[in-house]
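Okay, final28.txt is below, compact mmCIF, C-alpha atoms:
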# COMPACT_ATOMS: atom_id res chain seq x y z
CA MET A 1 0.00 0.00 0.00
CA LYS A 2 2.75 2.38 1.00
CA LYS A 3 4.50 1.57 -2.23
CA ILE A 4 1.43 2.49 -4.29
CA ILE A 5 1.00 5.80 -2.47
CA THR A 6 4.63 6.63 -3.10
CA LYS A 7 4.21 5.79 -6.75
CA LEU A 8 1.09 7.93 -7.00
CA ALA A 9 2.82 10.80 -5.27
CA ILE A 10 5.74 10.62 -7.65
CA ALA A 11 3.42 10.35 -10.62
CA SER A 12 1.29 13.30 -9.56
CA ALA A 13 4.35 15.43 -8.83
CA PHE A 14 5.69 14.56 -12.26
CA THR A 15 2.40 15.39 -13.94
CA THR A 16 2.21 18.70 -12.11
CA ALA A 17 5.73 19.52 -13.21
CA MET A 18 4.79 18.67 -16.82
CA LEU A 19 1.77 20.95 -16.72
CA MET A 20 3.68 23.84 -15.16
CA PRO A 21 7.05 23.91 -16.87
CA VAL A 22 7.95 27.44 -15.76
CA ALA A 23 6.23 29.08 -12.85
CA ASN A 24 4.77 32.56 -13.46
CA ALA A 25 6.12 33.48 -16.92
CA ALA A 26 2.87 32.95 -18.78
CA ASP A 27 2.76 32.34 -22.52
CA TYR A 28 0.14 34.13 -24.59
CA VAL A 29 -0.96 33.89 -28.19
CA ILE A 30 -2.08 37.12 -29.82
CA ASP A 31 -5.83 37.02 -30.36
CA ASN A 32 -5.92 37.68 -34.11
CA LYS A 33 -8.79 35.20 -34.56
CA GLY A 34 -11.04 37.44 -32.53
CA ALA A 35 -9.30 40.51 -33.97
CA HIS A 36 -8.47 41.90 -30.55
CA ALA A 37 -5.21 43.20 -31.88
CA SER A 38 -4.21 45.65 -34.55
CA ILE A 39 -1.10 46.98 -36.22
CA ASN A 40 -1.88 50.51 -37.30
CA PHE A 41 0.40 53.01 -38.94
CA LYS A 42 0.20 56.65 -39.84
CA ILE A 43 2.29 58.95 -41.95
CA LYS A 44 1.96 62.66 -42.59
CA HIS A 45 0.32 63.56 -45.89
CA LEU A 46 2.25 66.52 -47.31
CA GLY A 47 2.68 67.70 -43.75
CA TYR A 48 -0.98 68.78 -43.65
CA SER A 49 -2.71 65.74 -42.18
CA TRP A 50 -2.24 62.12 -41.13
CA LEU A 51 -2.82 59.19 -43.46
CA THR A 52 -3.63 56.03 -41.51
CA GLY A 53 -3.56 52.37 -42.46
CA ARG A 54 -3.00 48.99 -40.96
CA PHE A 55 -1.85 45.44 -41.60
CA ASP A 56 -4.84 43.12 -41.60
CA LYS A 57 -2.99 39.80 -41.30
CA PHE A 58 -0.45 39.04 -38.61
CA GLY A 59 0.12 36.66 -35.76
CA GLY A 60 2.39 36.22 -32.83
CA LYS A 61 2.99 35.23 -29.27
CA PHE A 62 4.45 36.70 -26.16
CA SER A 63 5.34 35.72 -22.65
CA TYR A 64 4.73 38.11 -19.83
CA ASP A 65 5.10 38.07 -16.10
CA PRO A 66 4.36 41.29 -14.26
CA ALA A 67 6.66 40.13 -11.44
CA ASN A 68 9.56 39.54 -13.79
CA ILE A 69 9.27 42.05 -16.63
CA SER A 70 12.75 41.49 -18.01
CA ALA A 71 11.91 37.84 -18.75
CA SER A 72 9.15 38.99 -21.16
CA LYS A 73 9.41 38.20 -24.84
CA ILE A 74 7.36 38.94 -27.91
CA GLU A 75 7.44 37.84 -31.51
CA VAL A 76 5.09 39.08 -34.24
CA ASN A 77 4.90 38.07 -37.90
CA ILE A 78 3.15 40.32 -40.38
CA ASP A 79 1.83 39.46 -43.86
CA THR A 80 2.96 42.58 -45.72
CA SER A 81 0.49 42.04 -48.58
CA SER A 82 -2.33 42.64 -46.09
CA VAL A 83 -1.53 46.35 -45.95
CA ASN A 84 -4.79 48.26 -45.98
CA SER A 85 -5.13 52.03 -46.26
CA ASN A 86 -8.76 51.87 -47.37
CA HIS A 87 -7.91 52.67 -51.00
CA ALA A 88 -7.16 49.83 -53.45
CA GLU A 89 -5.05 51.90 -55.84
CA ARG A 90 -2.91 53.20 -53.00
CA ASP A 91 -2.61 49.72 -51.46
CA LYS A 92 -1.43 48.41 -54.84
CA HIS A 93 1.20 51.13 -54.85
CA LEU A 94 2.20 50.39 -51.23
CA LYS A 95 2.66 46.72 -52.15
CA SER A 96 4.79 47.57 -55.21
CA ASP A 97 8.56 47.94 -55.23
CA ASP A 98 8.20 51.65 -54.52
CA PHE A 99 7.36 50.69 -50.94
CA LEU A 100 6.98 47.24 -49.36
CA ASP A 101 7.79 45.14 -52.46
CA VAL A 102 5.63 42.32 -51.11
CA SER A 103 6.42 39.93 -53.96
CA ALA A 104 10.03 39.89 -52.71
CA PHE A 105 9.38 40.49 -49.00
CA ALA A 106 6.09 38.82 -48.11
CA ASN A 107 6.72 38.94 -44.38
CA ALA A 108 7.80 41.45 -41.80
CA LYS A 109 8.84 40.36 -38.35
CA PHE A 110 9.50 41.81 -34.94
CA VAL A 111 11.42 39.77 -32.38
CA SER A 112 12.15 41.32 -29.02
CA THR A 113 15.61 41.22 -27.56
CA SER A 114 14.93 42.85 -24.20
CA VAL A 115 12.03 44.27 -22.22
CA THR A 116 12.68 46.77 -19.46
CA GLU A 117 10.42 48.72 -17.17
CA LYS A 118 10.91 52.44 -17.34
CA ALA A 119 10.62 54.93 -14.49
CA ASN A 120 7.10 55.96 -15.56
CA GLY A 121 5.93 52.36 -15.54
CA ASN A 122 5.96 52.01 -19.31
CA LEU A 123 7.82 49.19 -20.98
CA ALA A 124 10.70 49.65 -23.38
CA VAL A 125 10.47 46.73 -25.78
CA LYS A 126 13.69 46.55 -27.70
CA GLY A 127 13.92 44.19 -30.66
CA ILE A 128 14.76 43.60 -34.28
CA LEU A 129 12.26 44.66 -36.91
CA THR A 130 12.73 42.95 -40.25
CA LEU A 131 10.91 44.90 -42.94
CA HIS A 132 11.54 45.13 -46.67
CA GLY A 133 14.46 42.73 -46.20
CA VAL A 134 16.22 45.01 -43.74
CA SER A 135 16.71 44.05 -40.08
CA LYS A 136 17.16 46.91 -37.69
CA GLU A 137 16.80 47.49 -33.99
CA ILE A 138 13.79 49.50 -32.87
CA ILE A 139 12.33 50.32 -29.47
CA ILE A 140 8.61 50.14 -28.85
CA ASP A 141 7.27 52.32 -26.06
CA ALA A 142 4.63 50.03 -24.56
CA GLN A 143 2.13 50.02 -21.75
CA ALA A 144 0.39 47.15 -20.03
CA VAL A 145 -3.30 47.98 -20.38
CA GLY A 146 -4.71 45.22 -18.22
CA GLU A 147 -4.96 41.53 -17.57
CA GLY A 148 -7.33 39.09 -15.99
CA LYS A 149 -9.92 36.42 -16.54
CA ASP A 150 -12.27 36.77 -19.48
CA PRO A 151 -15.97 35.83 -19.15
CA TRP A 152 -15.51 32.63 -21.18
CA GLY A 153 -13.02 30.73 -19.08
CA GLY A 154 -9.79 32.14 -20.44
CA TYR A 155 -7.16 34.57 -19.23
CA ARG A 156 -6.06 37.58 -21.22
CA ALA A 157 -3.45 40.33 -21.09
CA GLY A 158 -3.30 43.39 -23.31
CA PHE A 159 -0.78 46.02 -24.26
CA SER A 160 -0.48 49.02 -26.46
CA GLY A 161 2.62 50.58 -27.89
CA THR A 162 4.02 53.13 -30.25
CA THR A 163 7.17 53.40 -32.28
CA ALA A 164 8.38 55.26 -35.32
CA ILE A 165 10.67 54.24 -38.14
CA ALA A 166 12.33 56.14 -40.96
CA LEU A 167 11.37 54.77 -44.38
CA ALA A 168 14.97 55.24 -45.51
CA ASP A 169 16.26 53.04 -42.67
CA PHE A 170 14.39 50.14 -44.24
CA ALA A 171 15.53 50.94 -47.78
CA ILE A 172 12.09 52.21 -48.85
CA LYS A 173 13.13 54.79 -51.38
CA MET A 174 9.89 56.45 -52.48
CA ASN A 175 10.09 60.11 -51.61
CA LEU A 176 6.83 61.35 -50.12
CA GLY A 177 8.18 64.77 -49.27
CA PRO A 178 10.06 66.32 -46.36
CA ALA A 179 7.19 65.93 -43.86
CA SER A 180 6.67 62.24 -44.64
CA THR A 181 9.97 60.52 -44.03
CA HIS A 182 8.86 58.59 -40.95
CA VAL A 183 6.00 56.21 -40.25
CA GLN A 184 4.49 55.96 -36.79
CA PHE A 185 3.04 52.71 -35.54
CA ASP A 186 0.16 52.37 -33.10
CA LEU A 187 0.11 48.84 -31.80
CA HIS A 188 -2.59 47.14 -29.78
CA ILE A 189 -2.39 43.52 -28.79
CA GLU A 190 -4.36 41.20 -26.61
CA GLY A 191 -3.04 37.74 -25.83
CA ILE A 192 -4.84 34.65 -24.63
CA LYS A 193 -2.95 32.67 -22.02
CA GLN A 194 -2.03 29.20 -23.19
CA MET B 195 -19.55 55.59 -95.09
CA GLN B 196 -20.36 51.89 -95.41
CA ASN B 197 -17.91 49.12 -96.12
CA THR B 198 -18.07 47.63 -99.60
CA GLN B 199 -16.85 44.32 -101.06
CA THR B 200 -13.51 45.92 -101.81
CA GLU B 201 -13.14 48.90 -99.49
CA TYR B 202 -13.48 50.01 -95.87
CA GLY B 203 -15.98 52.79 -95.26
CA TYR B 204 -14.88 55.97 -93.52
CA VAL B 205 -16.60 54.99 -90.26
CA SER B 206 -14.59 51.77 -90.03
CA ILE B 207 -11.43 53.67 -90.95
CA PHE B 208 -12.15 56.32 -88.31
CA PHE B 209 -12.71 53.69 -85.60
CA HIS B 210 -9.50 51.89 -86.58
CA TRP B 211 -7.24 54.91 -86.33
CA LEU B 212 -8.97 56.26 -83.24
CA ALA B 213 -8.36 52.95 -81.46
CA ALA B 214 -4.77 52.78 -82.74
CA PHE B 215 -3.97 56.30 -81.57
CA SER B 216 -5.76 55.91 -78.21
CA ILE B 217 -4.13 52.56 -77.41
CA PHE B 218 -0.60 53.84 -78.04
CA ALA B 219 -1.36 57.04 -76.13
CA LEU B 220 -2.76 55.05 -73.18
CA PHE B 221 0.29 52.81 -73.20
CA ALA B 222 2.69 55.75 -73.17
CA LEU B 223 0.66 57.53 -70.49
CA GLY B 224 0.55 54.35 -68.40
CA ILE B 225 4.31 53.86 -68.55
CA TYR B 226 4.85 57.53 -67.77
CA MET B 227 2.41 57.85 -64.86
CA VAL B 228 3.61 54.88 -62.76
CA ASP B 229 7.08 56.40 -62.34
CA LEU B 230 6.08 59.96 -61.53
CA THR B 231 7.43 61.32 -58.27
CA TYR B 232 4.94 62.14 -55.55
CA TYR B 233 5.31 65.91 -55.91
CA HIS B 234 5.08 65.88 -59.71
CA THR B 235 2.33 68.11 -61.15
CA TRP B 236 0.99 65.16 -63.14
CA TYR B 237 1.00 62.66 -60.26
CA LYS B 238 -2.78 62.84 -59.87
CA THR B 239 -3.70 64.14 -63.33
CA ALA B 240 -1.99 61.44 -65.41
CA PRO B 241 -3.83 58.45 -63.85
CA ALA B 242 -7.14 60.39 -63.97
CA LEU B 243 -6.59 61.04 -67.67
CA HIS B 244 -5.53 57.43 -68.29
CA LYS B 245 -8.73 56.11 -66.68
CA SER B 246 -10.99 58.65 -68.42
CA ILE B 247 -9.56 57.92 -71.87
CA GLY B 248 -9.72 54.18 -71.15
CA ILE B 249 -13.43 54.31 -70.30
CA ILE B 250 -14.22 56.43 -73.38
CA LEU B 251 -12.23 54.02 -75.54
CA PHE B 252 -14.24 51.13 -74.10
CA ALA B 253 -17.49 52.80 -75.19
CA LEU B 254 -16.04 53.47 -78.64
CA MET B 255 -14.79 49.88 -78.96
CA VAL B 256 -18.28 48.59 -78.18
CA LEU B 257 -19.73 50.92 -80.83
CA ARG B 258 -17.00 49.75 -83.21
CA LEU B 259 -17.94 46.10 -82.69
CA ILE B 260 -21.63 46.88 -83.23
CA TRP B 261 -20.81 48.81 -86.41
CA ARG B 262 -18.52 46.01 -87.56
CA SER B 263 -21.23 43.39 -87.04
CA LYS B 264 -23.60 45.34 -89.28
CA GLN B 265 -21.06 45.82 -92.05
CA ILE B 266 -19.76 43.52 -94.73
CA THR B 267 -16.07 42.79 -94.41
CA PRO B 268 -14.11 43.78 -97.51
CA GLU B 269 -12.70 40.72 -99.24
CA HIS B 270 -9.06 39.77 -99.02
CA LEU B 271 -6.83 41.06 -101.75
CA ASN B 272 -6.04 38.42 -104.35
CA SER B 273 -2.36 38.93 -103.70
CA HIS B 274 -2.73 37.83 -100.04
CA SER B 275 -1.53 34.27 -99.47
CA ASN B 276 -3.56 31.74 -97.50
CA LEU B 277 -1.16 32.03 -94.59
CA GLU B 278 -1.44 35.83 -94.60
CA ARG B 279 -5.23 35.62 -94.59
CA LYS B 280 -5.31 33.22 -91.64
CA ALA B 281 -2.58 35.03 -89.68
CA GLY B 282 -4.31 38.35 -90.28
CA LYS B 283 -7.61 37.02 -89.00
CA VAL B 284 -6.03 35.57 -85.86
CA VAL B 285 -4.06 38.75 -85.13
CA HIS B 286 -7.14 40.95 -85.59
CA SER B 287 -9.18 38.79 -83.19
CA VAL B 288 -6.41 38.74 -80.58
CA LEU B 289 -6.01 42.53 -80.85
CA TYR B 290 -9.70 42.93 -80.01
CA ILE B 291 -9.59 40.37 -77.19
CA LEU B 292 -6.47 41.89 -75.60
CA THR B 293 -7.91 45.38 -75.80
CA PHE B 294 -11.06 44.34 -73.95
CA LEU B 295 -9.16 42.26 -71.36
CA ILE B 296 -6.85 45.20 -70.63
CA MET B 297 -9.82 47.53 -70.18
CA LEU B 298 -11.53 44.99 -67.90
CA SER B 299 -8.41 44.47 -65.77
CA GLY B 300 -7.89 48.24 -65.53
CA TYR B 301 -11.45 48.60 -64.28
CA LEU B 302 -10.84 45.86 -61.69
CA ILE B 303 -7.75 47.67 -60.30
CA SER B 304 -9.49 50.97 -59.69
CA THR B 305 -12.75 49.53 -58.38
CA ALA B 306 -11.30 46.85 -56.06
CA ASP B 307 -12.37 48.86 -53.00
CA GLY B 308 -15.79 49.70 -54.42
CA ARG B 309 -14.78 53.17 -55.58
CA GLY B 310 -16.12 54.20 -58.97
CA ILE B 311 -14.08 55.56 -61.87
CA GLU B 312 -14.47 59.23 -62.57
CA VAL B 313 -14.48 60.12 -66.27
CA PHE B 314 -13.13 63.62 -66.95
CA GLU B 315 -14.85 64.76 -63.73
CA LEU B 316 -18.13 64.53 -65.67
CA PHE B 317 -19.62 61.25 -64.53
CA VAL B 318 -18.67 58.17 -62.52
CA ILE B 319 -18.63 54.54 -63.65
CA PRO B 320 -19.71 52.58 -60.55
CA GLY B 321 -17.38 50.09 -58.88
CA PHE B 322 -18.49 46.77 -57.47
CA GLY B 323 -15.61 46.01 -55.15
CA SER B 324 -13.47 42.89 -55.11
CA PHE B 325 -14.40 39.65 -56.84
CA PHE B 326 -11.25 37.87 -55.70
CA GLU B 327 -8.49 38.32 -53.14
CA ASN B 328 -5.78 40.90 -53.82
CA GLN B 329 -7.78 41.99 -56.85
CA GLU B 330 -5.90 45.25 -57.36
CA ASP B 331 -2.55 43.41 -57.49
CA LEU B 332 -3.58 40.53 -59.73
CA ALA B 333 -5.57 42.78 -62.07
CA GLY B 334 -2.58 45.13 -62.10
CA LEU B 335 -0.20 42.38 -63.22
CA ILE B 336 -2.63 41.25 -65.92
CA HIS B 337 -3.17 44.85 -67.03
CA LYS B 338 0.57 45.44 -67.38
CA TRP B 339 1.56 42.23 -69.16
CA LEU B 340 -1.40 42.15 -71.54
CA ALA B 341 -0.61 45.77 -72.44
CA TYR B 342 2.94 44.78 -73.36
CA GLY B 343 1.47 41.92 -75.40
CA LEU B 344 -1.03 44.21 -77.15
CA ILE B 345 1.62 46.76 -78.07
CA ALA B 346 3.93 44.02 -79.40
CA LEU B 347 1.10 42.56 -81.46
CA ALA B 348 0.00 45.99 -82.70
CA LEU B 349 3.56 46.66 -83.84
CA LEU B 350 3.59 43.32 -85.66
CA HIS B 351 0.26 44.30 -87.25
CA ALA B 352 1.77 47.66 -88.33
CA ILE B 353 4.93 46.05 -89.68
CA ALA B 354 2.81 43.60 -91.68
CA ALA B 355 0.82 46.52 -93.14
CA LEU B 356 4.04 48.31 -94.09
CA LYS B 357 5.38 45.12 -95.64
CA HIS B 358 2.28 44.91 -97.83
CA HIS B 359 2.65 48.56 -98.78
CA PHE B 360 6.34 48.81 -99.49
CA ILE B 361 7.44 45.30 -100.37
CA ASP B 362 4.37 43.68 -101.91
CA LYS B 363 3.18 47.10 -103.18
CA ASP B 364 -0.45 46.05 -102.76
CA ASN B 365 -3.43 48.02 -101.47
CA THR B 366 -3.67 46.60 -97.91
CA LEU B 367 -2.60 49.84 -96.21
CA ASN B 368 -4.19 52.11 -98.84
CA ARG B 369 -7.58 50.57 -98.01
CA MET B 370 -7.17 51.50 -94.32
CA ILE B 371 -6.04 55.07 -94.92
CA GLY B 372 -8.99 55.67 -97.20
CA ARG B 373 -7.04 56.03 -100.41
CA ARG B 374 -9.60 54.88 -102.91
CA GLN B 375 -8.62 52.91 -106.00
CA LYS B 376 -9.65 54.01 -109.44
CA HIS B 377 -11.97 51.53 -111.02
Please express what this file holds, its structure, as C-alpha cells.
Amino acid sequence: MKKIITKLAIASAFTTAMLMPVANAADYVIDNKGAHASINFKIKHLGYSWLTGRFDKFGGKFSYDPANISASKIEVNIDTSSVNSNHAERDKHLKSDDFLDVSAFANAKFVSTSVTEKANGNLAVKGILTLHGVSKEIIIDAQAVGEGKDPWGGYRAGFSGTTAIALADFAIKMNLGPASTHVQFDLHIEGIKQ
Amino acid sequence: MQNTQTEYGYVSIFFHWLAAFSIFALFALGIYMVDLTYYHTWYKTAPALHKSIGIILFALMVLRLIWRSKQITPEHLNSHSNLERKAGKVVHSVLYILTFLIMLSGYLISTADGRGIEVFELFVIPGFGSFFENQEDLAGLIHKWLAYGLIALALLHAIAALKHHFIDKDNTLNRMIGRRQKH
C-alpha cells in the first residue's frame, strides 16, 4: 500500500511539473482570430494631415510576467500584402517595389531582444524589426493595459505601444516629401494565455 | 460611309485609327504615370486622364464592334496568301480580345475597393468592389503584361501593313487610310 502511495505521489508530482514547466512566466498567443489586436500606422500627408492604415494579417505570441518584466518576450509576424489604407489603388502602390515590395518580401517580423520597465511604468520593448528585407533594432514604447480572466473561461493580457521608423532606414526609397519621411506605428495587442 | 466588297468605309477607318492612336497614347501615359514622383504636377492628373480615356475608348470599342457586325467585311486582296489571310484574322481577333481584357483588368484595379471611376470629372462609372483576393494586385499584373502583349502585337500588325505597302506594293494599307482605288 505504501508503495502504491509513493508511486502515486511521484506520478502526480511529475504530472504537475509537466503541466507547469515554468512558474509565473505565462505564454500568450495574440488574439488575431477574434481581432483583438491591430497593427496601425500613420504617416503625414504633405505635412498637412495624417494618413492612416494597418496590416490586416499578422500573428504572434508573447510571454509576460508582471513580477519579472525582463523575462518577457514577444514575436510578431506580419503578412505585408495585407496592408490596408482603405484605398485599393494606394494599397497596390504600397505593395509595389516603390514601398513594401511584397512579392520579394512577403513577411515582416519583430522579435524582441529585451524588455525593461521604465521609471514611468511604461515598458521599453527593444527588438529587431525585419521589414523590406532590412533588419534593424527599434524600441517600442509600450504600456500594459490590463490583464485578468475573461468571461468565457480564459485569461487575457493586453498592451499598447508606439514606435516610429524612418522609411529610408528600411531601404524604402519612395520620396513622399520632407514631412513624410517617418512612419508611426500604433500597436494594440491582446493575448490569450495558453 | 459603309464598307463595300472591296473597301473600308470611312466609319470603319475612323474607328480603326482612333483605337490605334488611343491605345498607343494610353500605353505611353501608363508607362509615364507609374514612375512619376509624388510631388510631380501630373502625379494625380496622369492616372485620372488614363482612366478617363480608357473608359471612353471602351465605349467606342463597343460601338465599333456593333458597327462592324452590321457591315460587310471587304474581301481579301487576291495577292494575299492563304497564310497571310489566316494570320491576319487571328491577329485581328487577338487585338480585339487583348484590348477588352486590358480595359476589364484596368477597371478591376481601380474599383477593387468599391470606388467608382471618374471620367473627366463629368460622370462616374460605378465600382463593385473585389471579386477575388488581392484583386488590385492581380488585375494590375494582368493589365501590365497584356498591355505589353497588345503593343507588341499591334507593332507586328503595323509592320505587316508596311510590308504589304512597301514590299508587296499592294493596297492593304491604302484601303485602311482611305485612299480609294480608281476603277
Inset, instruction - Report as a ChimeraX atom specification the set of chain A residues whose atoms approach chain B to within 8 Å, with distances computed over all atoms listed in the file. - result: /A:86-89,92,174-177
Legend entry - B:Leu230, B:Ala242, B:Lys283, B:Leu289 ranked by distance to Ala346 in chain B, top pick (using all atoms listed in the file):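 So, comparing all the options, the nearest one is B:Leu289.
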Inset, instruction - Find the residues near Val134 in chain A: any atom within 10 Å, counting only C-alpha atoms, skip ones fewer than 6 places away on the same chain, and give them as a list in words. - result: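 Selected residues are Phe105, Ala108, Ile128, Asp169, Phe170, Ala171 and Ile172 of chain A.
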Inset, instruction - In Å, rounded to a single decimal, give me how far CA of Lys126 in chain A is from CA of Ser114 in chain A. - result: 5.2 Å
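The space separating CA of Lys95 in chain A from CA of Phe41 in chain A comes to 14.8 Å.
Near Arg369 in chain B, within 8 Å and counting all atoms listed in the file, sit Glu201, Tyr202, Asn365, Arg373 and Arg374 of chain B, not including residues fewer than 4 positions from it in the same chain.
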Legend entry - Distance in Å - CA of Ala179 in chain A versus CA of Asn40 in chain A: 19.1 Å
Inset, instruction - Find the spatial neighbours of Leu340 in chain B, counting all atoms listed in the file, within a cut-off of 12 Å - ignore same-chain residues fewer than 3 positions away - and output them as a ChimeraX atom specification. - result: /B:221,288-300,333-337,343-348
Inset, instruction - Write out as a ChimeraX atom specification which residues come within 9 Å of Ala142 in chain A when counting only C-alpha atoms, dropping same-chain ones fewer than 6 positions away. - result: /A:122-125,159-163,187
Inset, instruction - Return the single residue from A:Thr130, A:Gln194, A:Ser112, A:Ser180 that is closest to Ala71 in chain A, with distances computed using all atoms listed in the file. - result: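 For Ala71 in chain A, the nearest of the given residues is A:Ser112.
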Legend entry - Close residues, His270 in chain B itself excluded, 9 Å, only C-alpha atoms, min 5 positions apart in chain, as number ranges by chain: B: 200, 279, 366
Legend entry - Spatial sel., origin (-7.9, 64.2, -64.6), limit 12 Å, only C-alpha atoms, listed as number ranges by chain: B: 235-247, 311-316
Inset, instruction - Using only C-alpha atoms, find the one residue out of B:Asn197, B:Gln375, B:Ser206, B:Asn368 that sits nearest to Pro268 in chain B. - result: B:Asn197
Inset, instruction - Pick out the closest residue to Ala106 in chain A from this set: A:Lys57, A:Asp141, A:Asn68, A:Asn84. Count all atoms listed in the file. - result: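 Closest to Ala106 in chain A of all the choices is A:Lys57.
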